[in-house]
Each structure stands twice: as C-alpha cells, then as structure tokens.
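Chemist: I'm passing along protein-v8.csv; it holds CSV, C-alpha atoms and all ligand atoms.
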```csv
chain,number,residue,atom,x,y,z
A,1,HIS,CA,0.0,0.0,0.0
A,2,ASP,CA,2.8,2.4,1.0
A,3,ALA,CA,4.6,1.5,-2.2
A,4,ASP,CA,1.5,2.3,-4.2
A,5,ALA,CA,1.2,5.7,-2.5
A,6,GLN,CA,4.9,6.4,-3.1
A,7,ARG,CA,4.5,5.5,-6.8
A,8,ALA,CA,1.4,7.8,-7.1
A,9,PHE,CA,3.4,10.6,-5.5
A,10,ASP,CA,6.5,10.0,-7.8
A,11,ASP,CA,4.2,10.0,-10.8
A,12,LEU,CA,2.7,13.4,-9.9
A,13,ILE,CA,6.2,14.9,-9.5
A,14,ALA,CA,7.5,13.3,-12.7
A,15,ASN,CA,4.5,14.6,-14.7
A,16,GLU,CA,4.8,18.2,-13.3
A,17,ARG,CA,1.5,17.8,-11.5
A,18,ARG,CA,0.8,19.4,-8.1
A,19,ILE,CA,0.8,17.7,-4.7
A,20,GLU,CA,-2.2,18.9,-2.7
A,21,PRO,CA,-2.8,18.8,1.1
A,22,ARG,CA,-4.9,15.6,1.1
A,23,ASP,CA,-2.5,13.7,-1.1
A,24,TRP,CA,-0.1,11.2,0.5
A,25,MET,CA,3.4,12.5,0.6
A,26,PRO,CA,6.7,11.3,2.1
A,27,GLU,CA,7.3,12.6,5.6
A,28,ALA,CA,10.6,14.1,4.6
A,29,TYR,CA,8.8,16.1,1.8
A,30,ARG,CA,6.3,17.4,4.3
A,31,LYS,CA,9.1,18.4,6.7
A,32,THR,CA,11.1,20.1,4.0
A,33,LEU,CA,8.1,22.2,3.0
A,34,ILE,CA,7.2,23.1,6.5
A,35,ARG,CA,10.8,24.2,7.0
A,36,GLN,CA,11.0,26.3,3.8
A,37,ILE,CA,7.5,27.8,3.9
A,38,SER,CA,7.6,28.7,7.6
A,39,GLN,CA,11.1,30.3,7.2
A,40,HIS,CA,9.7,32.2,4.2
A,41,ALA,CA,6.7,33.4,6.2
A,42,HIS,CA,8.9,34.5,9.2
A,43,SER,CA,11.1,36.4,6.7
A,44,GLU,CA,8.1,38.4,5.5
A,45,ILE,CA,7.0,39.2,9.0
A,46,ILE,CA,10.4,40.1,10.3
A,47,GLY,CA,11.1,41.9,7.0
A,48,MET,CA,8.4,44.5,8.1
A,49,GLN,CA,10.8,45.9,10.7
A,50,PRO,CA,13.7,47.4,8.8
A,51,GLU,CA,11.3,49.3,6.6
A,52,GLY,CA,8.8,50.0,9.4
A,53,ASN,CA,11.7,52.0,10.8
A,54,TRP,CA,11.2,54.7,8.2
A,55,ILE,CA,7.4,55.1,8.1
A,56,THR,CA,7.3,58.0,10.6
A,57,ARG,CA,10.2,59.7,8.8
A,58,ALA,CA,9.4,59.2,5.1
A,59,PRO,CA,10.3,62.4,3.2
A,60,SER,CA,6.8,63.2,1.9
A,61,LEU,CA,3.2,62.2,2.5
A,62,LYS,CA,3.3,60.3,-0.8
A,63,ARG,CA,6.4,58.3,0.1
A,64,LYS,CA,4.9,57.6,3.5
A,65,ALA,CA,1.6,56.2,2.0
A,66,ILE,CA,3.6,54.0,-0.5
A,67,LEU,CA,5.8,52.7,2.3
A,68,ILE,CA,2.9,51.9,4.6
A,69,ALA,CA,1.2,50.0,1.7
A,70,LYS,CA,4.4,48.1,1.0
A,71,VAL,CA,5.0,47.0,4.6
A,72,GLN,CA,1.3,46.0,4.8
A,73,ASP,CA,1.9,43.8,1.7
A,74,GLU,CA,4.7,42.0,3.5
A,75,ALA,CA,2.3,41.2,6.4
A,76,GLY,CA,-0.1,39.8,3.8
A,77,HIS,CA,2.6,37.6,2.3
A,78,GLY,CA,3.5,36.3,5.7
A,79,LEU,CA,-0.2,35.4,6.3
A,80,TYR,CA,-0.6,33.5,3.0
A,81,LEU,CA,2.6,31.6,3.7
A,82,TYR,CA,1.6,30.7,7.3
A,83,SER,CA,-1.7,29.4,5.8
A,84,ALA,CA,0.2,27.4,3.2
A,85,ALA,CA,2.4,25.9,5.9
A,86,GLN,CA,-0.7,25.1,8.1
A,87,THR,CA,-2.1,22.8,5.3
A,88,LEU,CA,0.9,20.5,6.1
A,89,GLY,CA,-0.2,20.0,9.7
A,90,ILE,CA,1.8,22.6,11.7
A,91,THR,CA,-0.2,25.2,13.6
A,92,ARG,CA,0.2,29.0,13.5
A,93,ASP,CA,0.9,28.9,17.3
A,94,GLU,CA,3.7,26.5,16.9
A,95,MET,CA,5.3,28.6,14.1
A,96,THR,CA,4.9,31.8,16.1
A,97,ASP,CA,6.5,30.1,19.2
A,98,GLN,CA,9.5,28.9,17.1
A,99,LEU,CA,10.0,32.4,15.9
A,100,ILE,CA,9.7,34.3,19.1
A,101,ASP,CA,11.8,31.7,21.0
A,102,GLY,CA,14.6,32.3,18.5
A,103,ARG,CA,14.4,28.7,17.2
A,104,ALA,CA,13.3,29.4,13.7
A,105,ARG,CA,15.3,30.7,10.8
A,106,TYR,CA,14.3,33.7,8.7
A,107,SER,CA,16.2,35.4,5.9
A,108,SER,CA,19.6,36.7,6.9
A,109,ILE,CA,18.9,40.0,5.0
A,110,PHE,CA,16.6,41.3,7.7
A,111,ASN,CA,19.3,41.5,10.3
A,112,TYR,CA,21.0,44.6,8.9
A,113,PRO,CA,20.1,48.1,10.0
A,114,THR,CA,18.4,50.8,7.9
A,115,PRO,CA,20.1,54.1,9.0
A,116,THR,CA,19.1,56.3,6.0
A,117,TRP,CA,16.1,56.9,3.7
A,118,ALA,CA,18.2,55.5,0.8
A,119,ASP,CA,18.0,52.1,2.5
A,120,MET,CA,14.3,52.0,1.5
A,121,GLY,CA,15.4,52.4,-2.1
A,122,ALA,CA,18.2,49.8,-1.8
A,123,ILE,CA,15.9,47.3,-0.1
A,124,GLY,CA,13.2,47.6,-2.8
A,125,TRP,CA,15.7,47.4,-5.6
A,126,LEU,CA,18.1,44.8,-4.3
A,127,VAL,CA,16.3,42.8,-1.6
A,128,ASP,CA,12.9,42.6,-3.3
A,129,GLY,CA,14.7,42.1,-6.6
A,130,ALA,CA,16.6,39.1,-5.2
A,131,ALA,CA,13.3,37.9,-3.7
A,132,ILE,CA,11.6,38.0,-7.1
A,133,CYS,CA,14.5,36.2,-8.8
A,134,ASN,CA,14.3,33.4,-6.1
A,135,GLN,CA,10.5,33.2,-6.0
A,136,VAL,CA,9.4,33.3,-9.6
A,137,PRO,CA,10.6,29.7,-10.1
A,138,LEU,CA,8.7,28.8,-6.8
A,139,CYS,CA,5.5,29.6,-8.6
A,140,ARG,CA,6.2,26.2,-10.3
A,141,ALA,CA,7.0,24.4,-7.0
A,142,SER,CA,5.4,21.0,-6.7
A,143,TYR,CA,3.3,21.7,-3.6
A,144,GLY,CA,0.1,23.4,-4.8
A,145,PRO,CA,-0.7,25.8,-1.9
A,146,TYR,CA,2.9,27.1,-1.9
A,147,ALA,CA,3.1,27.6,-5.6
A,148,ARG,CA,-0.3,29.4,-5.7
A,149,ALA,CA,0.7,31.7,-2.9
A,150,MET,CA,3.8,32.6,-4.8
A,151,VAL,CA,1.9,33.9,-7.8
A,152,ARG,CA,0.3,36.8,-6.0
A,153,ILE,CA,3.4,37.4,-3.9
A,154,CYS,CA,5.6,37.8,-7.0
A,155,LYS,CA,3.2,40.3,-8.6
A,156,GLU,CA,3.4,42.4,-5.4
A,157,GLU,CA,7.2,42.0,-5.1
A,158,SER,CA,7.6,43.3,-8.7
A,159,PHE,CA,5.8,46.5,-7.7
A,160,HIS,CA,8.0,46.7,-4.6
A,161,GLN,CA,11.1,46.4,-6.7
A,162,ARG,CA,10.0,49.2,-9.0
A,163,GLN,CA,9.2,51.5,-6.1
A,164,GLY,CA,12.7,50.9,-4.7
A,165,PHE,CA,14.3,51.6,-8.0
A,166,GLU,CA,12.3,54.8,-8.3
A,167,ILE,CA,13.4,56.0,-4.8
A,168,LEU,CA,17.1,55.5,-5.8
A,169,LEU,CA,16.5,57.2,-9.2
A,170,ALA,CA,15.0,60.2,-7.5
A,171,LEU,CA,18.1,60.4,-5.1
A,172,MET,CA,20.5,59.9,-8.0
A,173,GLN,CA,18.9,62.8,-9.8
A,174,GLY,CA,19.1,65.0,-6.6
A,175,SER,CA,21.9,66.8,-4.8
A,176,PRO,CA,25.5,65.5,-4.5
A,177,GLU,CA,24.7,64.5,-0.9
A,178,GLN,CA,21.7,62.5,-2.0
A,179,ARG,CA,23.8,60.7,-4.6
A,180,VAL,CA,26.3,59.8,-2.0
A,181,MET,CA,23.6,58.5,0.3
A,182,ALA,CA,22.1,56.3,-2.5
A,183,GLN,CA,25.5,54.9,-3.4
A,184,ASP,CA,26.3,54.2,0.3
A,185,ALA,CA,23.0,52.2,0.6
A,186,VAL,CA,23.8,50.2,-2.5
A,187,ASP,CA,27.3,49.5,-1.1
A,188,ARG,CA,25.8,48.2,2.1
A,189,TRP,CA,23.0,46.1,0.7
A,190,TYR,CA,24.6,44.6,-2.4
A,191,TRP,CA,26.6,41.7,-0.8
A,192,PRO,CA,23.9,40.8,1.8
A,193,SER,CA,21.3,40.6,-1.0
A,194,LEU,CA,23.5,38.2,-2.9
A,195,ALA,CA,23.8,36.1,0.2
A,196,MET,CA,20.0,35.8,0.4
A,197,PHE,CA,20.2,33.1,-2.3
A,198,GLY,CA,21.8,30.8,0.3
A,199,PRO,CA,25.2,29.1,0.7
A,200,PRO,CA,27.2,28.1,-2.4
A,201,ASP,CA,25.9,25.0,-4.1
A,202,ASP,CA,28.6,22.7,-2.7
A,203,GLN,CA,27.6,23.8,0.8
A,204,SER,CA,23.8,23.6,0.4
A,205,PRO,CA,22.7,20.5,2.1
A,206,ASN,CA,19.0,20.7,1.1
A,207,SER,CA,19.3,21.6,-2.6
A,208,ALA,CA,19.7,18.2,-4.2
A,209,GLN,CA,16.6,16.7,-2.6
A,210,SER,CA,14.6,19.8,-3.0
A,211,MET,CA,15.4,19.9,-6.7
A,212,ALA,CA,14.5,16.2,-7.1
A,213,TRP,CA,11.1,17.0,-5.5
A,214,LYS,CA,10.8,20.0,-7.8
A,215,ILE,CA,10.4,22.4,-4.9
A,216,LYS,CA,13.5,24.3,-6.0
A,217,ARG,CA,14.0,24.6,-9.8
A,218,PHE,CA,17.4,26.2,-9.9
A,219,SER,CA,20.4,26.1,-7.6
A,220,ASN,CA,21.4,28.9,-5.2
A,221,ASP,CA,24.4,29.9,-7.3
A,222,GLU,CA,22.5,29.8,-10.6
A,223,LEU,CA,19.8,32.2,-9.3
A,224,ARG,CA,22.5,34.4,-7.7
A,225,ARG,CA,24.3,34.8,-11.0
A,226,ARG,CA,21.1,35.4,-12.9
A,227,PHE,CA,20.2,38.1,-10.4
A,228,VAL,CA,23.6,39.9,-10.8
A,229,GLY,CA,23.0,39.8,-14.6
A,230,MET,CA,19.7,41.6,-14.1
A,231,LEU,CA,21.3,44.2,-11.9
A,232,VAL,CA,24.1,45.3,-14.2
A,233,PRO,CA,22.0,47.2,-16.8
A,234,GLN,CA,19.7,48.6,-14.0
A,235,ALA,CA,22.7,49.9,-12.1
A,236,GLU,CA,23.9,51.6,-15.2
A,237,ALA,CA,20.5,53.2,-15.7
A,238,LEU,CA,20.5,54.5,-12.1
A,239,GLY,CA,24.1,55.7,-12.3
A,240,VAL,CA,25.2,53.7,-9.2
A,241,THR,CA,28.3,51.4,-9.0
A,242,LEU,CA,27.9,47.8,-7.9
A,243,PRO,CA,30.7,47.3,-5.3
A,244,ASP,CA,32.4,44.4,-6.9
A,245,PRO,CA,35.6,45.1,-8.7
A,246,ASP,CA,35.8,41.5,-9.9
A,247,LEU,CA,32.4,41.6,-11.6
A,248,ARG,CA,32.5,40.8,-15.4
A,249,TYR,CA,29.4,41.0,-17.5
A,250,ASP,CA,28.7,41.0,-21.2
A,251,ALA,CA,25.3,41.4,-22.8
A,252,ASP,CA,25.4,37.9,-24.6
A,253,GLN,CA,26.9,35.7,-21.9
A,254,GLY,CA,25.6,37.6,-18.8
A,255,VAL,CA,27.8,37.4,-15.7
A,256,THR,CA,31.1,35.6,-16.4
A,257,ALA,CA,33.0,36.5,-13.1
A,258,MET,CA,32.1,37.9,-9.7
A,259,GLY,CA,33.8,38.4,-6.4
A,260,GLU,CA,33.6,36.3,-3.3
A,261,ILE,CA,30.8,36.8,-0.8
A,262,ASP,CA,31.8,37.2,2.8
A,263,TRP,CA,30.5,33.8,4.0
A,264,ASP,CA,31.8,34.2,7.5
A,265,ASP,CA,29.5,37.2,7.9
A,266,PHE,CA,26.6,35.2,6.4
A,267,PHE,CA,27.1,32.2,8.8
A,268,ALA,CA,27.5,34.6,11.8
A,269,VAL,CA,24.1,36.1,10.9
A,270,LEU,CA,22.6,32.6,10.7
A,271,ARG,CA,24.0,31.8,14.1
A,272,GLY,CA,22.2,34.9,15.5
A,273,ASP,CA,25.2,37.2,15.6
A,274,GLY,CA,24.2,39.7,13.0
A,275,PRO,CA,23.9,43.4,13.8
A,276,CYS,CA,20.1,43.3,14.4
A,277,ASN,CA,19.2,39.6,15.2
A,278,ALA,CA,18.4,40.2,18.9
A,279,GLU,CA,16.5,43.4,18.3
A,280,ARG,CA,14.3,41.9,15.5
A,281,ILE,CA,13.3,38.9,17.7
A,282,GLN,CA,12.8,41.0,20.8
A,283,ARG,CA,10.5,43.4,18.8
A,284,ARG,CA,8.5,40.5,17.4
A,285,ARG,CA,8.1,38.9,20.9
A,286,THR,CA,7.0,42.2,22.4
A,287,ALA,CA,4.4,42.8,19.6
A,288,HIS,CA,3.1,39.3,20.1
A,289,GLU,CA,2.7,39.8,23.9
A,290,GLU,CA,1.1,43.2,23.4
A,291,GLY,CA,-1.3,41.7,20.9
A,292,ALA,CA,-2.6,39.0,23.4
A,293,TRP,CA,-5.7,41.0,24.2
A,294,VAL,CA,-6.7,41.2,20.5
A,295,ARG,CA,-6.4,37.4,20.1
A,296,GLU,CA,-8.4,36.9,23.3
A,297,ALA,CA,-11.1,39.3,22.2
A,298,ALA,CA,-11.3,37.7,18.7
A,299,ALA,CA,-11.6,34.2,20.3
A,300,ALA,CA,-14.3,35.4,22.7
A,301,TYR,CA,-16.2,37.0,19.9
A,302,ALA,CA,-15.9,33.8,17.8
A,303,ALA,CA,-17.1,31.7,20.7
A,304,LYS,CA,-20.1,34.0,21.2
A,305,GLN,CA,-21.0,33.8,17.5
A,306,ALA,CA,-20.8,30.0,17.6
A,307,ALA,CA,-22.9,29.6,20.7
A,308,PRO,CA,-26.6,28.8,20.3
A,309,ARG,CA,-28.8,31.9,20.6
A,310,THR,CA,-30.7,32.2,23.8
A,311,GLU,CA,-33.9,34.1,23.7
B,401,LIG,N1,19.1,33.4,5.4
B,401,LIG,C1,18.9,32.5,6.4
B,401,LIG,N2,19.0,31.2,6.3
B,401,LIG,C2,19.4,30.7,5.1
B,401,LIG,C3,19.6,31.6,4.0
B,401,LIG,C4,19.4,32.9,4.2
B,401,LIG,N3,19.6,33.8,3.2
B,401,LIG,N4,20.0,30.8,2.9
B,401,LIG,C5,20.0,29.5,3.4
B,401,LIG,N5,19.7,29.5,4.7
B,401,LIG,C6,19.7,28.3,5.5
B,401,LIG,C7,18.6,27.3,5.0
B,401,LIG,O1,17.4,27.7,5.6
B,401,LIG,C8,19.2,26.0,5.6
B,401,LIG,O2,18.9,26.0,7.0
B,401,LIG,P1,18.1,24.8,7.7
B,401,LIG,O3,18.5,23.5,7.0
B,401,LIG,O4,18.4,24.9,9.1
B,401,LIG,O5,16.7,25.0,7.4
B,401,LIG,C9,20.7,26.2,5.4
B,401,LIG,O6,20.9,27.6,5.4
B,401,LIG,C10,21.3,25.6,4.2
B,401,LIG,O7,20.8,26.2,3.0
B,401,LIG,P2,20.2,25.4,1.8
B,401,LIG,O8,20.5,23.9,1.9
B,401,LIG,O9,20.6,26.0,0.5
B,401,LIG,O10,18.7,25.5,2.1
B,401,LIG,P3,17.4,25.6,1.1
B,401,LIG,O11,17.4,24.5,0.1
B,401,LIG,O12,16.2,25.8,1.9
B,401,LIG,O13,17.6,27.0,0.2
B,401,LIG,C11,16.6,29.2,0.1
B,401,LIG,C12,17.6,28.2,0.9
B,401,LIG,C13,17.1,29.4,-1.3
B,401,LIG,C14,16.5,30.5,0.9
B,401,LIG,C15,15.2,28.5,0.1
B,401,LIG,O14,14.8,28.0,1.4
B,401,LIG,C16,14.2,29.3,-0.5
B,401,LIG,O15,14.1,29.5,-1.7
B,401,LIG,N6,13.2,29.8,0.3
B,401,LIG,C17,12.1,30.6,-0.1
B,401,LIG,C18,12.4,32.0,-0.3
B,401,LIG,C19,12.6,32.7,1.0
B,401,LIG,O16,12.5,32.2,2.1
B,401,LIG,N7,12.8,34.0,0.9
B,401,LIG,C20,12.9,34.8,2.1
B,401,LIG,C21,13.5,36.1,1.9
B,401,LIG,S1,12.7,37.0,0.7
B,401,LIG,C22,11.5,38.0,1.4
B,401,LIG,O17,10.9,37.6,2.4
B,401,LIG,C23,11.2,39.3,0.9
```
Would you give me this structure, written as structure tokens?
Ligand code: ACO
Modeler:
Amino acid sequence: HDADAQRAFDDLIANERRIEPRDWMPEAYRKTLIRQISQHAHSEIIGMQPEGNWITRAPSLKRKAILIAKVQDEAGHGLYLYSAAQTLGITRDEMTDQLIDGRARYSSIFNYPTPTWADMGAIGWLVDGAAICNQVPLCRASYGPYARAMVRICKEESFHQRQGFEILLALMQGSPEQRVMAQDAVDRWYWPSLAMFGPPDDQSPNSAQSMAWKIKRFSNDELRRRFVGMLVPQAEALGVTLPDPDLRYDADQGVTAMGEIDWDDFFAVLRGDGPCNAERIQRRRTAHEEGAWVREAAAAYAAKQAAPRTE
C-alpha cells in the first residue's frame, strides 16, 4: 500500500502535476516544505521591521503612503505563507513560538540596519529584486498551496522592486549629498542581497533533494548569477556602481565572473550574531505579547457567535 502511495506521488512529481494537502506525501517532503515555507513566512513578517523603521520619517506624504502599503503587503505575504504551511499540519501557534523563541530561521537579510532613507530604495531594488528572482521559479513548486501563494506574492514584489528603483533614481537625480547617500546604501545592501540566495551549491545540504522533489527549480548559485546579470544594466540606468571590482558582464553571456561573498559574515548572521538579530526577535516577541488582548477578544467573539442563541 505504501509502495502504491509512493508511486502515485512520484508520478505526480514526474509529470509536473501538483501535490495537494490531502495527497499522500513522504514525511521528509512534508518536513522540508514546513521548514522552507515557515522560514519564508517568518522572513516576510520580520522583514516588516527594517522598513517600518522609516514610516514615521518618510520624506513626503506620498512616500509615506507608499511605504505603509508596502509594509502591509509584507504582512499579507506572511499570512498567506503561514496558511500554506498550516495545510501541512503545523499550527500557526507552533510557528509563532518557534520564531519568538529564536528557534526558527528567517532570511539573513533582515538582520541589517536601515540608517538612511536611501536604504528604503536599496531594499526595494536589491532585496525585493533578489526575492523575485528566487521566488518566480517557486510559482512552479510541486506543492500546490505554496506555488499558488507565490503567484500573487511575486506580482506584489515586482511592484515593490519598481518603487525601490524609483526611490534610488530620485536620489541619484538629486543633490550630491543624495547621490552619496544612494551609493552608500547600494554598497551596504549589495553583498547581503547576494547572500539571500543561500550558501554556495557545494555547501547547500538541502538543494539536491529539494530539486529532485521540484520544490527548487534552480540552484542557489544559478539564481544568484542570474540576479547579478539583471542588476548590471539597471545599475547603469541608475548611475550607481555595484561594489564588486571583480564583476565581469557581457550582454550575450551575462555574468562571467564575480567576487567572493563574505560567507563568514553570512554564517555569523545565521547563528544569530548579525547586527540586528536580537533586536528583531525582541521586537516580534513584544508585539506578540502586546497583541494578546486582540487574540483573546477575537476568540471570545468567535465563541459567542458559535454559541446557540438564547432568547
Ligand atoms: N538566510 C537565512 N538562512 C538561510 C539563507 C538565508 N539567506 N539561505 C539559506 N539558509 C539556511 C537554510 O534555511 C538552511 O537551513 P536549515 O537546513 O536549518 O533550514 C541552510 O541555510 C542551508 O541552506 P540550503 O541547503 O541552501 O537551504 P534551502 O534549500 O532551503 O535553500 C533558500 C535556501 C534558497 C533560501 C530556500 O529556502 C528558498 O528558496 N526559500 C524561499 C524564499 C525565502 O524564504 N525568501 C525569504 C527572503 S525574501 C523576502 O521575504 C522578501
């Protein structure tokens, strides 16, 4: 019987069909998806903080309205992703506990500070750009609820990337101080955004199995290289310099050489030793505790609605 179920699963994967929540699936496939989808959801939720930092100080009413909408989109992405993970049998409470106890991973990128307004531009352009590059192939991931969540998320991320590019463009067309500020933000975010794609292929323990299951469609290094190839012409249009003297690019072959990422820094951030790890988790924990009354009120209201009417 198990062999039949395994064969049915293998056939669905081989034929590019989707695995749905009620289908039989190997336990390791379920575990991998819970790992990746919950990490992804946590990233969206923690990712609200670096940009939330600038909502009260955005340089105009228009910029403030756009930034609020963007941060709100990230909350939405987190919620679709938590829902997708829940279809695999983990509860929202378990995932939240893992995050606020510091047991869960979330993207390394959100552990860096945002000291200037130009960081809003660099995050949109580089961080959301990297996210799109990584996530468009996930729209074809073999697990249905994850793949479908990715479609809408990618559409919204494309808009986020454009707004980041436009912030940097406005700064690059501004005063000399504004141009320096834009370049400084690009210098600080460039390498961490490349590290978002994960460790090099020969140090990526999960890749081979995830690719066999058609969760991942391309390797970490492949997507990273493709991303840099997208950035080069955009950097030229902006008038910013990508801070990699070893980068070689040509229009036909794309990126043919690039410098080495500081993997010690990346692994330090993964261990919890990045510049903002502790602050990010503390903030999330406080928000959760302060929101307890909302959850209690919502549960009390739901119970009241469910109770038989007495009159
Ligand atoms: N930040 C934090 N942890 C990372 C990162 C990163 N940038 N890259 C890899 N890791 C972790 C992996 O989660 C894994 O840890 P685990 O085994 O304890 O779970 C370990 O490093 C080894 O990496 P891989 O074997 O390459 O792991 P995986 O196959 O899961 O690939 C990747 C990592 C590419 C990030 C994949 O999980 C993925 O595509 N996730 C979905 C996208 C996503 O989460 N994006 C979040 C940022 S984008 C945004 O929110 C705007």
Chemist: Quick one: residues within 10 Å of Tyr249 of chain A, all atoms listed in the file, excluding same-chain residues fewer than 2 positions away - as a count of residues only?
Modeler: 14
Chemist: Would you please work out which residue, of A:Glu16, A:Asp11, A:Glu44, A:Asp201, is nearest to Arg140 of chain A when using all atoms listed in the file?
Modeler: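 Once distances to Arg140 of chain A are computed over all atoms listed in the file, the minimum belongs to A:Glu16.
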Chemist: Could you list, as a ChimeraX atom specification, all protein and nucleic acid residues with an atom at most 7 Å from ligand LIG 401 (chain B), counting all atoms listed in the file?
Modeler: /A:35-37,39-40,43-44,47,105-109,127-128,131,134-135,195-199,204-207,210,216,220,270
Chemist: To one decimal place, how far is atom CA of Ala8 of chain A from atom CA of Val136 of chain A in Å?
Modeler: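 About the pair atom CA of Ala8 of chain A and atom CA of Val136 of chain A: they are 26.8 Å apart.
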Chemist: With distances taken over all atoms listed in the file, which residue among A:Gln163, A:Gln234, A:Ser193, A:Thr87 lies nearest Phe110 of chain A?
Modeler: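 Answer, going by the shortest atom-to-atom distance: A:Ser193.
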Chemist: Check the smallest atom-to-atom distance from each of A:Asp119, A:Asp187, A:Glu296, A:Asp202 to Ile167 of chain A using all atoms listed in the file, then report the winner.
Modeler: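 Of the candidates, the smallest distance to Ile167 of chain A is held by A:Asp119.
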Chemist: Can you measure atom CA of Asp262 of chain A to atom CA of His77 of chain A for me? One decimal in Å is fine.
Modeler: 29.2 Å
Chemist: Excluding Gly164 of chain A and residues on its chain fewer than 6 positions from it, collect all residues at most 9 Å away from it, counting all atoms listed in the file, and give them as a VMD selection string.
Modeler: chain A and resid 120 to 126 128
